[in-house]
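Visitor: Structure incoming, see below.
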Amino acid sequence: MTPLVEDLVITSVKIGVLFGLLLGLFSFMTWAERRLLALMQFRLGPNRTGPFGLLQPVADGIKLFFKEEFIPERAHTFLFLAAPVIAIVTAFTAVAVVPYGPTLELFGRKVPLQIASLDVGLLFVFAMTSLGVYGVVLAGYAAQNHYSLLGGMRLSAQMFSYELSLGMSWVGVIMLAQSLQIADIVDAQANGFWHWNVVLQPLGALTYFIAATAEVSRTPFDFAEAEQELVAGFHTEYSSMRFALLQMAEYVNIITVGVLAVNLFLGGWHFPLPGVAASPLWFVLKVGCVLFVIIWLRGTLPRFRYDQLMALGWKVLLPLVTLNIIVTAALVALGVL
Amino acid sequence: MEAILFYGLAALAVVAAIAVVAQPNPVTSALALIVTLCCLSGIFGLLGSPFIAALQIVVYAGAIMVLFLFVLMLLNVEPERSPSGPRLALVAGALAATLAAQVGWVLLQTDRGTGVAGFHVRTRQMAMILFSPEGRFLYAFEMVGVLILAALVGAIVLSREDLP
């Protein structure tokens, strides 16, 4: 095989594997979330379908397949159909540049566990997540339903309030690693947890986590959905597989946020103590912990009020990330970090 | 391969740009503009500048257009109905023809032998050019930042009635 064909084969295999993994993780997460939330609220959760209810996502999937696809009469048909597609495509594209393990030696070739290694890695993820907003905003607009529209509008306001803080919370990490490539940022955190960015950049890590939770609009920032006030917010009018696509996009985005948190702040695939070889296993364990925390938040925190959301975004988070950048820049310039 | 991608993206950009002005619903116009911006970003990527490509999407398609959409949805702008009168169409047509003639003239004058393809700027080099203390651009770059800040403060002062 020529090198070009080999590369194509390797990349296709990687894409296939990652796609499958994400789909599996998505269905597992819907189950895990329901079980964990039930546990936190002294309920049982879905426990009838298969052992521990593990087959519940399969049952849900089959049910969604056979539901009626409904398009409201007054809806903007093209946008209504396009919105879930935009959401899912951007969600999956963002994952393409995120590495999930060290470079492996397979059959005498170096295979990086990452689909595409872009020079602008982190910026590409940012670009894709910022485009992903349109999926949700358009879903809200296209249905021509007042609840949907309110959900979509709230989300767009929330997004441009928190996107800025999200992007700026990465700047400290980028300064420390001197690279925009996520693999470089992970490798700068090798040799023990005291090199991790969560230790070196505590403020950056905290602001990232808050802004990212807002960016994927999870509780306490789930204004777009807000089932107590807006029926189901932006996806009120969606049914069947289009609803499933929107859900899937949401969960893939959550997984991306968790994976980025691990890569940028928690040392990626490196073990907390020096001397233990880096492995995708550590990476998976860390991602599991972060995803658990995100679910835990939903079981614990009530939703913010809208003015609190805006105040937190502009008056607390933004000054904090700016402070973080200034302090980090000063420390880097002085040679302390 | 690059040529196919370029012509595809360029054609899509032009079609979407026409859609921005041609069709009546403002939200669809905004969407078409986003498509145009994404195509431009792809062309920047083809020209070997991934940094500009990413910025194009983050800043324009991602941030500014979300703001546009938010305002459109907030005001619930109705689709335009009445086409403007024939006299206006005449003026607009004349202006468009002038512009097309200018663009055509420039295109004819341009030496198309020298392309920028294969000119690859890595993000790090770009940062070096922009921010190195002995570089020519550091001062200008910082001044642009100050200018934008001044514009921002000005906009706030203008829109607040309780300020003197």
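We name chains A, B, ... following the order of the structure tokens; residues begin at 1 in each chain, and ligands are numbered from 1 as shown.
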If we count only C-alpha atoms, what is near Gly101 (chain A) at a cut-off of 7 Å, once residues fewer than 5 positions away on the same chain are taken out, given as a tab-separated table (two decimals) with C-alpha atoms, in the first residue's frame?

Guide:
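Output file result10.tsv follows:
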```
chain	number	residue	atom	x	y	z
A	113	LEU	CA	-4.89	8.84	18.82
A	269	TRP	CA	-3.57	10.61	29.49
A	279	SER	CA	-2.22	5.44	28.61
A	280	PRO	CA	-5.69	6.03	27.17
A	283	PHE	CA	-7.77	9.41	30.07
```

Visitor: List the spatial neighbours of Ile185 (chain A) as a ChimeraX atom specification - criterion: any atom at most 12 Å away, only C-alpha atoms, same-chain residues fewer than 3 positions off excluded.

Guide: /A:98-99,121-122,170-182,188-190,195-197,260-270

Visitor: Any idea what the distance is between CA of Cys289 (chain A) and CA of Ala32 (chain A)?

Guide: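 Pair CA of Cys289 (chain A) / CA of Ala32 (chain A) returns 12.4 Å.
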
Visitor: Report the distance between CA of Met40 (chain A) and CA of Pro302 (chain A) in Å, rounded to one decimal place.

Guide: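 About the pair CA of Met40 (chain A) and CA of Pro302 (chain A): they are 14.0 Å apart.
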
Visitor: Contacts of region 242-244 of chain A at 10 Å or less, counting only C-alpha atoms, minus same-chain residues fewer than 4 places along, as a list in words?

Guide: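 Listing them by chain and then by number gives Asp60, Gly61, Leu64, Phe65, Glu69, Phe70, Phe80, Leu81, Ala82, Ala83, Pro84, Val85, His235, Thr236, Glu237, Tyr238, Met248, Ala249 and Glu250 of chain A.
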
Visitor: From a DSSP pass on the backbone, collect the residues of region 22-160 of chain B flagged as helix (DSSP H, G or I) and hand them back as a ChimeraX atom specification.

Guide: /B:22,26-46,50-75,86-109,123-131,138-159

Visitor: Which neighbours of Lys67 (chain A) fall inside 9 Å, counting only C-alpha atoms, when residues of the same chain fewer than 3 positions from it are skipped, and could you give them as an MDAnalysis selection string?

Guide: chainID A and resid 62:64 239:241

Visitor: From the set A:Leu37, A:Gly16, A:Ile115, A:Phe160, which residue has the shortest atom-to-atom contact distance to chain B, counting only C-alpha atoms?

Guide: A:Phe160

Visitor: Mind checking which residues fall within 12 Å of Met310 (chain A), counting only C-alpha atoms, ignoring those fewer than 6 positions away in the same chain, and posting them as an mmCIF file with C-alpha atoms, in the first residue's frame?

Guide:
```
data_model
loop_
_atom_site.group_PDB
_atom_site.id
_atom_site.type_symbol
_atom_site.label_atom_id
_atom_site.label_comp_id
_atom_site.auth_asym_id
_atom_site.auth_seq_id
_atom_site.Cartn_x
_atom_site.Cartn_y
_atom_site.Cartn_z
ATOM 1 C CA ARG A 154 -32.298 32.912 25.750
ATOM 2 C CA LEU A 155 -29.717 30.502 24.485
ATOM 3 C CA ALA A 157 -27.939 35.619 24.635
ATOM 4 C CA GLN A 158 -26.408 33.127 27.038
ATOM 5 C CA MET A 159 -23.959 31.910 24.406
ATOM 6 C CA PHE A 160 -22.428 35.216 23.520
ATOM 7 C CA SER A 161 -22.205 36.090 27.200
ATOM 8 C CA TYR A 162 -20.265 32.963 28.113
ATOM 9 C CA ALA A 211 -18.326 28.765 31.216
ATOM 10 C CA ALA A 214 -23.096 27.330 30.427
ATOM 11 C CA PHE A 221 -27.635 27.113 32.998
ATOM 12 C CA PHE A 223 -32.367 28.227 30.153
ATOM 13 C CA PHE A 304 -30.189 30.461 37.986
ATOM 14 C CA VAL A 316 -17.889 37.935 37.655
ATOM 15 C CA LEU A 317 -16.604 35.487 35.073
ATOM 16 C CA LEU A 318 -15.230 37.966 32.538
#
```

Visitor: For a test of reading the model, state the distance in Å between CA of Leu39 (chain A) and CA of Leu297 (chain A), rounded to one decimal.

Guide: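 Going from CA of Leu39 (chain A) over to CA of Leu297 (chain A) covers 13.5 Å.
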